[in-house]
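K.L.:
The structure follows.
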Amino acid sequence: MPKPLHADGPSAEPILAARALTKRFPGVLALDHVDVEVQEREIHAILGQNGAGKTTLMNILFGLVQPDEGALFLRGHQVEFRSPHDALAHGIGMVHQTRRLVSAHTVLENIVLGHPRVRGVLNLRRVAPEVEVLCNKYGFTVDLAARVWQLPEGERQWVEILKALYRGAQALILDEPTSTLTPPEVTTLLAGLQALVRDQGVTILLVTHKLPIVMAASHRVTVLRSGKVVARVRTADATEDMLVRHMIGRDIAVRTGKRSGEPGLPVLQVDRLSAVNDKGQLALQDISFSLREGEILGVAGVTGNGQDELAQVLAGLRDAVSGTVRFDGRDVTGLSPLAHWRVGIGYVPAERVEVASIAAFSLVENTALNYHFDPAFARRGLLDDARLEQLTRNILSGYDVKAPTARTRAQHLSGGNLQKLILGRVLSRKPRLLIAHLPTQGLDVEAAAFVRAALLDAKADGAAIVLISEDLDEILSLADWVAPIYEGRFGAVLPRAEADIETVGAMMAGWSAKEVRVQ
Amino acid sequence: MRLGRYDVTLEPRTTRPAFYSSLTAAGAILLALALASVLFLSAQTPLLEAYRAIFSYAFFNPNGLLATIHRSIYLLLCTYAFLVPLRAGLWNIGLPGQVYAGGVAAFAIPFVFRTQEAQTLSLPPVLLILLMVASAAAAGAVVGGFAGILRARFQVSEILVTMMLNSILFWLVAYMIKEGGPFMSPRGEGESFALPPALHAPLLWGVPFTAVLALGAAVFLDILFAKTPLGYRIRAFGQSPAAARYGGIIPLALSLLVFLLGGGFAGLAGYHYFAALPGVYKISGNYGYYGDLSFYGIISALIARGSSLGAVPIAVLFAGLSLGARFAQGELRLPFGVDYALLGLLMMTFVASHVLYQFRVAWRRVPSLALRHAPTQLPPG
Ligand SMILES: Nc1ncnc2c1ncn2[C@@H]1O[C@H](COP(=O)(O)OP(=O)(O)OP(=O)(O)O)[C@@H](O)[C@H]1O
Ligand SMILES: [Mg+2]
């Protein structure tokens, strides 16, 4: 465990302090007189459940949101951030929960883009050496000429960090930096952050709801619960148990799903399915499997191995180049997305903000995204608004979504609550086949347990589920069949009983079934 | 800014009371008029007299009022032509081209049925008028739909395509009405033949029936977007094409549909201007002026934020002020172009008021520096 570099007694002047920050949104008190102190050259974790107010707090520290009450202090002097521009000018940078890079641009362009100095004409040749010097200084090796879309997620994260450092950030705010990373990428990221703090004197504010990350990387923790600071501790003095109880305020209530009976009729048969990605490269090759009612197939793999393409082809959003998908005995390959919804195939995409919801629409209007074509929700040619609202309310209460009202805009929901809403909406259609892509990504412990229970309920009610996840524990705890995916191929489709963690893990890394057995 | 123990800042408004939008709109109009005083003062015209001339002609003089109504109908139809694709996130700036297409297609009906001169009509006039309306709407729709297809199928920018169509159709009209062109007037003055009186659009109190279309569409479009599945799909697509596709909406069909609808409205505007206005009933040589005028449809759609009913007062205002200022210009010997200057000022103040309307003044108490106590012991339970 890293040791704090500075004595953090009450006498040390904090580099950044927030006093009595209060932020109200219509119907929610997102922050309630929050005090936070960040010492120079520390990794300070902000821990809290979904909707605790973490993102709101960080947005205030970065000038994106103005508090209703309270003030910010930089080295003891009061400052006011009217916009991120002010925060940057004071040496505070932020890496957001969602990537903000332009994926068609090169790494270099992304780093210098938007820098106040290059606002007019962009003279890449002049700034390139500067960026290289910066990269060397921070020991960061990436091809500056590479296009961002070619990079794995872990490196994109570094590009964002570098972008902030290039603008002279001395303190970095990272909002859920690990939620889209694979375990090895997380390790690399944390090691890199520690090096930044140790060697470069950077200060880091790390927002997360993942305890192991807090324990492994931070010096101090501030725990938020329902908008209030409930604990402020040195990590060295903390235990995971204690942090969990601060975070939740009681013991975890884990909802268990219904027990299911025997698998039923065959629902899905996929035969030698292949598909290309957006760049026209073969991303999915010869996938075959079948699934019955009440069965879960867990597709385990590191992101970027064809999972997106698999989910999209099954949902009708991407054409197959060869192979067939049969649903209830009927060939559905090539049918439109709408036809897929109509026959009873439901899809929960990984991109909840960009694909699965519309930020500016109310929750009721978001519900309509899966119901606008449903005759039961039309009355005399108009959408049945009352019925949509009723359904939305049921989803909000049934899935424990924290939202002021059903008319709130989706953009005002915290990440975790939005995810629960989407899952609830898709499940409310009672799909016979559910494709769930990263359904617990970004959820806190309790919410993730809730979502898993909801999947088990759907299974008990006879749905067939294709669960695509990076979390091997999740797959092993839910699935009846396990299919490790690597570079667009299934290593095997194993019955749960034969799928032990070593075998599946090895296949996820590209070992073939034969090699694994020889081992 | 610091005031005693309070901090005062401008910040984005999270909730926007509806009555504010009418209030800011009224403020914007007053501000534009106030700014326009500079123009009048520089021309040494008594201010009150100038304003009186503008408003009394536009809204109180019987001739002026009628002209205002006629022009409002035209602007409204142009507004819808832009507004429908706008709700789907697409920019139909091909209004002039679609207006010209509507005009030409309307005149093609009497031309084809050889009724431009003869007193003998081959078909009942009502039927011919209906055909003219339908053909104008269809022609506008085809021109609009062409851009829609290119956009949806081949990702060609709808802005480029519609701009190019504008100039193509401008020259098509010029060809049709020039000396020797098919629609040439018998006297050959660079304008089209005049419609025979039987084919003049029926009037209600001096106003052509297109007024009913324009007002009916105002109600219809708002309901379409707020309440119907189709309107929902258009809005969803406008907000997020990826989410719309996920929800089963077909991008190609939707883009085509909104451009067909929009183009249809522009075609109707062409019909209205060239074939339904008392005293016109021909494609006149200065048809390009009306093409340019159609761009005010874009502005009123933007100011009304996509609401068709909201666009009605704005279109009336634009129509009235442009006519009134033109009248005052002649009457009081104001500098040339005051009508354009006034519309320009209005646009600017509307845009500025929109920005202001997004923000509010916030008061915040500055807290003391002491750190509140937070426990490090476990909470009870
Ligand atoms: N702009 C907004 N308007 C209205 N409510 C908001 C807005 N932003 C956040 N909220 C509400 O404030 C609360 C805190 O949200 P915040 O995004 O800060 O949570 P979080 O701790 O980051 O959660 P997560 O782990 O799910 O991302 C939530 O109840 C959310 O619905
Ligand atoms: Mg968050």
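Each chain in the structure tokens gets a letter, A, B, ..., in the order shown, and its residues are numbered from 1; ligands are numbered from 1 in order too.
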Counting only C-alpha atoms and all ligand atoms, which residues of chain A fall within 10 Å of ligand 2, and what is the closest atom pair for each with its distance in Å at one decimal, ordered by chain and rising number, as a Markdown table?

P.N.:
| residue | atom | partner | partner_atom_place_in_ligand_line | distance |
| --- | --- | --- | --- | --- |
| A:Gly48 | CA | ligand 2 | 1 (Mg) | 9.4 |
| A:Gln49 | CA | ligand 2 | 1 (Mg) | 9.1 |
| A:Asn50 | CA | ligand 2 | 1 (Mg) | 6.9 |
| A:Gly51 | CA | ligand 2 | 1 (Mg) | 7.0 |
| A:Ala52 | CA | ligand 2 | 1 (Mg) | 8.3 |
| A:Gly53 | CA | ligand 2 | 1 (Mg) | 7.2 |
| A:Lys54 | CA | ligand 2 | 1 (Mg) | 5.7 |
| A:Thr55 | CA | ligand 2 | 1 (Mg) | 4.2 |
| A:Thr56 | CA | ligand 2 | 1 (Mg) | 7.4 |
| A:Leu57 | CA | ligand 2 | 1 (Mg) | 9.4 |
| A:Met58 | CA | ligand 2 | 1 (Mg) | 9.0 |
| A:Asn59 | CA | ligand 2 | 1 (Mg) | 9.8 |
| A:His96 | CA | ligand 2 | 1 (Mg) | 9.1 |
| A:Gln97 | CA | ligand 2 | 1 (Mg) | 6.7 |
| A:Thr98 | CA | ligand 2 | 1 (Mg) | 9.6 |
| A:Asp175 | CA | ligand 2 | 1 (Mg) | 6.9 |
| A:Glu176 | CA | ligand 2 | 1 (Mg) | 7.2 |
| A:Val207 | CA | ligand 2 | 1 (Mg) | 8.2 |
| A:Thr208 | CA | ligand 2 | 1 (Mg) | 8.3 |
| A:His209 | CA | ligand 2 | 1 (Mg) | 9.4 |
| A:Leu413 | CA | ligand 2 | 1 (Mg) | 9.2 |
| A:Ser414 | CA | ligand 2 | 1 (Mg) | 5.7 |
| A:Gly415 | CA | ligand 2 | 1 (Mg) | 5.5 |
| A:Gly416 | CA | ligand 2 | 1 (Mg) | 7.6 |
| A:Asn417 | CA | ligand 2 | 1 (Mg) | 9.8 |
| A:Gly442 | CA | ligand 2 | 1 (Mg) | 8.5 |
| A:Leu443 | CA | ligand 2 | 1 (Mg) | 9.8 |

K.L.:
Emit the selected residues as a short mmCIF file (atom, residue, chain, number, x, y, z; two decimals), in the first residue's frame, including N, CA and C atoms.

P.N.:
data_model
loop_
_atom_site.label_atom_id
_atom_site.label_comp_id
_atom_site.auth_asym_id
_atom_site.auth_seq_id
_atom_site.Cartn_x
_atom_site.Cartn_y
_atom_site.Cartn_z
N GLY A 48 -18.46 6.20 -3.17
CA GLY A 48 -19.89 6.34 -2.92
C GLY A 48 -20.69 5.50 -3.89
N GLN A 49 -21.92 5.21 -3.49
CA GLN A 49 -22.75 4.38 -4.34
C GLN A 49 -23.28 5.17 -5.53
N ASN A 50 -23.98 4.48 -6.43
CA ASN A 50 -24.61 5.16 -7.56
C ASN A 50 -25.54 6.24 -7.03
N GLY A 51 -25.37 7.43 -7.56
CA GLY A 51 -26.25 8.51 -7.17
C GLY A 51 -25.84 9.20 -5.89
N ALA A 52 -24.67 8.87 -5.33
CA ALA A 52 -24.24 9.48 -4.07
C ALA A 52 -23.86 10.94 -4.25
N GLY A 53 -23.56 11.32 -5.49
CA GLY A 53 -23.20 12.71 -5.75
C GLY A 53 -21.76 12.91 -6.18
N LYS A 54 -21.08 11.81 -6.50
CA LYS A 54 -19.66 11.90 -6.83
C LYS A 54 -19.43 12.74 -8.08
N THR A 55 -20.14 12.41 -9.14
CA THR A 55 -19.93 13.15 -10.39
C THR A 55 -20.30 14.61 -10.21
N THR A 56 -21.37 14.88 -9.49
CA THR A 56 -21.77 16.27 -9.26
C THR A 56 -20.66 17.02 -8.53
N LEU A 57 -20.11 16.41 -7.52
CA LEU A 57 -19.03 17.05 -6.77
C LEU A 57 -17.84 17.36 -7.68
N MET A 58 -17.45 16.38 -8.50
CA MET A 58 -16.30 16.59 -9.38
C MET A 58 -16.59 17.67 -10.41
N ASN A 59 -17.83 17.68 -10.91
CA ASN A 59 -18.20 18.69 -11.89
C ASN A 59 -18.10 20.09 -11.30
N HIS A 96 -13.27 12.60 -17.81
CA HIS A 96 -14.67 12.33 -17.51
C HIS A 96 -15.00 10.84 -17.49
N GLN A 97 -16.18 10.55 -16.92
CA GLN A 97 -16.65 9.17 -16.83
C GLN A 97 -16.78 8.57 -18.24
N THR A 98 -17.19 9.39 -19.19
CA THR A 98 -17.29 8.92 -20.57
C THR A 98 -16.18 9.56 -21.39
N ASP A 175 -12.93 10.60 -13.07
CA ASP A 175 -14.26 10.10 -12.69
C ASP A 175 -14.42 8.68 -13.20
N GLU A 176 -14.47 7.73 -12.31
CA GLU A 176 -14.64 6.32 -12.65
C GLU A 176 -13.69 5.90 -13.76
N VAL A 207 -12.43 9.14 -8.43
CA VAL A 207 -13.82 8.85 -8.09
C VAL A 207 -14.13 7.41 -8.43
N THR A 208 -14.70 6.68 -7.52
CA THR A 208 -14.97 5.28 -7.82
C THR A 208 -15.99 4.72 -6.84
N HIS A 209 -16.55 3.58 -7.20
CA HIS A 209 -17.30 2.87 -6.17
C HIS A 209 -16.71 1.48 -5.99
N LEU A 413 -30.16 11.64 -14.63
CA LEU A 413 -30.00 10.43 -13.82
C LEU A 413 -28.52 10.12 -13.67
N SER A 414 -28.15 9.58 -12.53
CA SER A 414 -26.75 9.16 -12.39
C SER A 414 -26.55 7.91 -13.23
N GLY A 415 -25.28 7.64 -13.56
CA GLY A 415 -24.97 6.54 -14.47
C GLY A 415 -25.63 5.23 -14.07
N GLY A 416 -25.53 4.89 -12.80
CA GLY A 416 -26.07 3.62 -12.35
C GLY A 416 -27.58 3.55 -12.44
N ASN A 417 -28.24 4.65 -12.12
CA ASN A 417 -29.69 4.65 -12.18
C ASN A 417 -30.19 4.55 -13.61
N GLY A 442 -20.29 -0.25 -14.21
CA GLY A 442 -20.52 1.04 -13.58
C GLY A 442 -21.52 1.01 -12.45
N LEU A 443 -22.02 -0.15 -12.08
CA LEU A 443 -22.98 -0.21 -10.98
C LEU A 443 -22.26 -0.47 -9.67
#

K.L.:
Find the residues of chain A in contact range of chain B, meaning any atom within 8 Å when counting only C-alpha atoms, and list them as a ChimeraX atom specification.

P.N.:
/A:19-20,35,66,68-71,229-233,242,245-246,249-251,317,336-339,341,354-358,360,369-370,372-373,378,381-383,385

K.L.:
Residues within 7 Å of region 46-50 of chain B, please, as a PyMOL selection string. Count only C-alpha atoms; anything in the same chain fewer than 4 positions from it doesn't count.

P.N.:
chain B and resi 37+40-41+54+328

K.L.:
Using the selection just defined, write its residues with all heavy atoms as a short mmCIF file (atom, residue, chain, number, x, y, z; two decimals), in the first residue's frame.

P.N.:
data_model
loop_
_atom_site.label_atom_id
_atom_site.label_comp_id
_atom_site.auth_asym_id
_atom_site.auth_seq_id
_atom_site.Cartn_x
_atom_site.Cartn_y
_atom_site.Cartn_z
N SER B 37 -34.24 52.74 -33.96
CA SER B 37 -34.36 54.20 -33.91
C SER B 37 -33.12 54.88 -34.46
O SER B 37 -33.19 55.95 -35.05
CB SER B 37 -34.57 54.70 -32.48
OG SER B 37 -35.01 53.70 -31.66
N PHE B 40 -33.52 55.57 -38.00
CA PHE B 40 -34.43 56.66 -38.33
C PHE B 40 -33.82 58.00 -37.95
O PHE B 40 -33.93 58.97 -38.68
CB PHE B 40 -35.77 56.47 -37.60
CG PHE B 40 -36.41 55.15 -37.91
CD1 PHE B 40 -37.04 54.43 -36.92
CD2 PHE B 40 -36.36 54.62 -39.19
CE1 PHE B 40 -37.62 53.21 -37.19
CE2 PHE B 40 -36.94 53.41 -39.47
CZ PHE B 40 -37.57 52.69 -38.47
N LEU B 41 -33.17 58.01 -36.79
CA LEU B 41 -32.57 59.27 -36.35
C LEU B 41 -31.53 59.71 -37.35
O LEU B 41 -31.44 60.88 -37.71
CB LEU B 41 -31.96 59.11 -34.96
CG LEU B 41 -33.00 59.02 -33.84
CD1 LEU B 41 -32.31 58.81 -32.50
CD2 LEU B 41 -33.85 60.29 -33.81
N ILE B 54 -44.78 52.46 -39.89
CA ILE B 54 -44.55 51.03 -40.06
C ILE B 54 -45.74 50.23 -39.56
O ILE B 54 -46.32 49.41 -40.27
CB ILE B 54 -43.28 50.60 -39.28
CG1 ILE B 54 -42.05 51.23 -39.93
CG2 ILE B 54 -43.16 49.09 -39.25
CD1 ILE B 54 -40.77 50.97 -39.18
N ALA B 328 -42.81 52.51 -45.14
CA ALA B 328 -42.30 53.71 -44.48
C ALA B 328 -41.11 54.28 -45.24
O ALA B 328 -40.91 55.49 -45.32
CB ALA B 328 -41.91 53.40 -43.04
#

K.L.:
Could you tell me, as an MDAnalysis selection string, which residues of region 120-181 of chain B DSSP assigns to helix (DSSP H, G or I) when given the backbone?

P.N.:
chainID B and resid 125:154 158:177

K.L.:
Output N, CA and C atoms for every residue in that selection, as a CSV table (one decimal), in the first residue's frame.

P.N.:
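Listing of result_21.csv after writing:
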chain,number,residue,atom,x,y,z
B,125,PRO,N,-63.0,23.8,-63.1
B,125,PRO,CA,-62.0,24.6,-62.4
B,125,PRO,C,-61.6,24.1,-61.1
B,126,VAL,N,-62.5,23.7,-60.3
B,126,VAL,CA,-62.2,23.2,-58.9
B,126,VAL,C,-61.2,22.1,-59.0
B,127,LEU,N,-61.4,21.2,-59.9
B,127,LEU,CA,-60.5,20.1,-60.1
B,127,LEU,C,-59.2,20.5,-60.5
B,128,LEU,N,-59.2,21.5,-61.5
B,128,LEU,CA,-57.9,22.0,-61.9
B,128,LEU,C,-57.1,22.7,-60.8
B,129,ILE,N,-57.8,23.4,-59.9
B,129,ILE,CA,-57.2,24.1,-58.8
B,129,ILE,C,-56.6,23.0,-57.9
B,130,LEU,N,-57.4,22.0,-57.6
B,130,LEU,CA,-56.9,21.0,-56.7
B,130,LEU,C,-55.6,20.3,-57.3
B,131,LEU,N,-55.7,20.1,-58.6
B,131,LEU,CA,-54.5,19.5,-59.3
B,131,LEU,C,-53.3,20.4,-59.2
B,132,MET,N,-53.5,21.7,-59.3
B,132,MET,CA,-52.4,22.6,-59.2
B,132,MET,C,-51.8,22.6,-57.8
B,133,VAL,N,-52.6,22.5,-56.8
B,133,VAL,CA,-52.1,22.4,-55.4
B,133,VAL,C,-51.3,21.1,-55.2
B,134,ALA,N,-52.0,20.1,-55.7
B,134,ALA,CA,-51.3,18.8,-55.5
B,134,ALA,C,-50.0,18.7,-56.2
B,135,SER,N,-50.0,19.3,-57.4
B,135,SER,CA,-48.8,19.2,-58.2
B,135,SER,C,-47.7,20.1,-57.6
B,136,ALA,N,-48.1,21.2,-57.1
B,136,ALA,CA,-47.1,22.1,-56.4
B,136,ALA,C,-46.4,21.3,-55.2
B,137,ALA,N,-47.3,20.8,-54.4
B,137,ALA,CA,-46.8,20.1,-53.2
B,137,ALA,C,-45.9,18.9,-53.6
B,138,ALA,N,-46.4,18.2,-54.6
B,138,ALA,CA,-45.6,17.0,-55.0
B,138,ALA,C,-44.2,17.4,-55.6
B,139,ALA,N,-44.2,18.5,-56.4
B,139,ALA,CA,-42.9,18.9,-56.9
B,139,ALA,C,-42.0,19.4,-55.8
B,140,GLY,N,-42.5,20.1,-54.9
B,140,GLY,CA,-41.6,20.5,-53.7
B,140,GLY,C,-41.1,19.3,-53.0
B,141,ALA,N,-42.0,18.3,-52.8
B,141,ALA,CA,-41.7,17.1,-52.1
B,141,ALA,C,-40.6,16.3,-52.9
B,142,VAL,N,-40.7,16.3,-54.2
B,142,VAL,CA,-39.7,15.6,-55.0
B,142,VAL,C,-38.3,16.2,-54.8
B,143,VAL,N,-38.3,17.5,-55.0
B,143,VAL,CA,-37.0,18.2,-54.8
B,143,VAL,C,-36.5,18.1,-53.4
B,144,GLY,N,-37.3,18.2,-52.4
B,144,GLY,CA,-36.9,17.9,-51.0
B,144,GLY,C,-36.4,16.5,-50.8
B,145,GLY,N,-37.2,15.6,-51.3
B,145,GLY,CA,-36.9,14.1,-51.1
B,145,GLY,C,-35.6,13.7,-51.8
B,146,PHE,N,-35.3,14.4,-52.9
B,146,PHE,CA,-34.0,14.1,-53.5
B,146,PHE,C,-32.9,14.3,-52.6
B,147,ALA,N,-32.9,15.5,-51.9
B,147,ALA,CA,-31.9,15.8,-50.9
B,147,ALA,C,-31.9,14.7,-49.8
B,148,GLY,N,-33.1,14.4,-49.4
B,148,GLY,CA,-33.3,13.4,-48.3
B,148,GLY,C,-32.7,12.1,-48.6
B,149,ILE,N,-32.9,11.6,-49.8
B,149,ILE,CA,-32.3,10.3,-50.2
B,149,ILE,C,-30.8,10.4,-50.3
B,150,LEU,N,-30.3,11.4,-50.9
B,150,LEU,CA,-28.8,11.5,-51.0
B,150,LEU,C,-28.2,11.5,-49.6
B,151,ARG,N,-28.9,12.2,-48.7
B,151,ARG,CA,-28.4,12.3,-47.3
B,151,ARG,C,-28.4,11.0,-46.6
B,152,ALA,N,-29.6,10.3,-46.7
B,152,ALA,CA,-29.8,9.1,-45.9
B,152,ALA,C,-29.0,7.9,-46.5
B,153,ARG,N,-29.0,7.9,-47.8
B,153,ARG,CA,-28.4,6.7,-48.5
B,153,ARG,C,-26.9,6.8,-48.7
B,154,PHE,N,-26.4,8.0,-49.0
B,154,PHE,CA,-25.0,8.2,-49.4
B,154,PHE,C,-24.3,9.2,-48.5
B,158,GLU,N,-26.9,17.3,-46.7
B,158,GLU,CA,-28.2,17.8,-47.2
B,158,GLU,C,-28.1,19.3,-47.5
B,159,ILE,N,-27.1,20.0,-46.8
B,159,ILE,CA,-27.0,21.4,-46.9
B,159,ILE,C,-26.4,21.7,-48.3
B,160,LEU,N,-25.4,21.0,-48.7
B,160,LEU,CA,-24.8,21.2,-50.0
B,160,LEU,C,-25.8,20.9,-51.1
B,161,VAL,N,-26.5,19.8,-51.0
B,161,VAL,CA,-27.4,19.3,-52.1
B,161,VAL,C,-28.5,20.4,-52.2
B,162,THR,N,-29.1,20.8,-51.1
B,162,THR,CA,-30.2,21.7,-51.3
B,162,THR,C,-29.8,23.0,-51.8
B,163,MET,N,-28.5,23.5,-51.5
B,163,MET,CA,-28.0,24.7,-52.0
B,163,MET,C,-27.9,24.6,-53.5
B,164,MET,N,-27.4,23.5,-54.0
B,164,MET,CA,-27.2,23.3,-55.4
B,164,MET,C,-28.5,23.3,-56.2
B,165,LEU,N,-29.5,22.6,-55.5
B,165,LEU,CA,-30.8,22.5,-56.1
B,165,LEU,C,-31.4,23.9,-56.3
B,166,ASN,N,-31.1,24.7,-55.3
B,166,ASN,CA,-31.7,26.1,-55.3
B,166,ASN,C,-31.3,26.8,-56.6
B,167,SER,N,-30.0,26.7,-57.0
B,167,SER,CA,-29.6,27.5,-58.2
B,167,SER,C,-30.1,26.8,-59.4
B,168,ILE,N,-30.1,25.4,-59.4
B,168,ILE,CA,-30.6,24.7,-60.6
B,168,ILE,C,-32.1,25.2,-60.9
B,169,LEU,N,-32.9,25.2,-59.8
B,169,LEU,CA,-34.3,25.5,-60.0
B,169,LEU,C,-34.5,27.0,-60.3
B,170,PHE,N,-33.6,27.8,-59.8
B,170,PHE,CA,-33.7,29.2,-60.1
B,170,PHE,C,-33.6,29.4,-61.7
B,171,TRP,N,-32.6,28.7,-62.2
B,171,TRP,CA,-32.4,28.8,-63.7
B,171,TRP,C,-33.5,28.1,-64.4
B,172,LEU,N,-34.1,27.0,-63.9
B,172,LEU,CA,-35.2,26.4,-64.6
B,172,LEU,C,-36.4,27.4,-64.7
B,173,VAL,N,-36.7,28.1,-63.6
B,173,VAL,CA,-37.8,29.1,-63.7
B,173,VAL,C,-37.4,30.1,-64.7
B,174,ALA,N,-36.2,30.6,-64.7
B,174,ALA,CA,-35.8,31.6,-65.7
B,174,ALA,C,-36.0,31.1,-67.1
B,175,TYR,N,-35.6,29.8,-67.3
B,175,TYR,CA,-35.8,29.3,-68.6
B,175,TYR,C,-37.3,29.2,-69.0
B,176,MET,N,-38.1,28.8,-68.1
B,176,MET,CA,-39.5,28.6,-68.4
B,176,MET,C,-40.2,29.9,-68.7
B,177,ILE,N,-39.8,31.0,-68.0
B,177,ILE,CA,-40.6,32.3,-68.3
B,177,ILE,C,-40.0,33.2,-69.2

K.L.:
Which is closer to Gly93 (chain A) than all the others in A:Glu487, A:Leu74, A:Ile173, A:Leu134, using only C-alpha atoms?

P.N.:
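With only C-alpha atoms as the atom set, the closest residue is A:Ile173.
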
K.L.:
Write out as number ranges by chain each polymer residue whose atoms come within 12 Å of Leu151 (chain A), counting only C-alpha atoms; drop sequence neighbours fewer than 3 positions from it.

P.N.:
A: 101, 103-107, 142-148, 154-159, 304

K.L.:
So which residues of region 4-191 of chain A fall under strand (DSSP E) by DSSP, listed as a ChimeraX atom specification?

P.N.:
/A:16-25,28-38,43-48,69-74,77-79,92-95,171-175

K.L.:
Applying 9 Å and only C-alpha atoms, which residues near Leu268 (chain B) remain after dropping the ones on its own chain fewer than 2 positions away? List them as JSON, numbers by chain.

P.N.:
{"B": [74, 77, 78, 99, 102, 103, 133, 134, 136, 137, 138, 140, 210, 263, 264, 265, 266, 270, 271, 272, 273]}

K.L.:
Would you mind telling me which residue in A:Leu224, A:Leu72, A:Ala191, A:Ala454 lies nearest to ligand 1 when using only C-alpha atoms and all ligand atoms?

P.N.:
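For ligand 1, the nearest of the given residues is A:Leu224.
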
K.L.:
Can you work out the spacing between CA of Ser477 (chain A) and CA of Thr440 (chain A) in Å, to one decimal?

P.N.:
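Separation of CA of Ser477 (chain A) and CA of Thr440 (chain A): 13.4 Å.
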
K.L.:
Could you name the residues that touch region 288-294 of chain A at 10 Å or less, counting only C-alpha atoms, but leaving out those on the same chain fewer than 2 positions away, as a PyMOL selection string?

P.N.:
chain A and resi 260-274+285-286+296-297+323-328+432-433+456-466+480-481+483+489-490+492-493

K.L.:
Quick one: everything within 12 Å of Leu193 (chain A), counting only C-alpha atoms, minus sequence neighbours fewer than 3 positions away in the same chain. Send it as a count of residues only.

P.N.:
37

K.L.:
Calculated over only C-alpha atoms, which of the candidates B:Glu179, B:Thr349, B:Phe111, B:Ala217 has the smallest distance to Pro196 (chain B)?

P.N.:
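Closest to Pro196 (chain B), using only C-alpha atoms: B:Phe111.
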
K.L.:
Ranking A:Ser179, A:Gln307, A:Gln194, A:Asn277 by minimum distance to ligand 1 and counting only C-alpha atoms and all ligand atoms, which one comes first?

P.N.:
A:Ser179
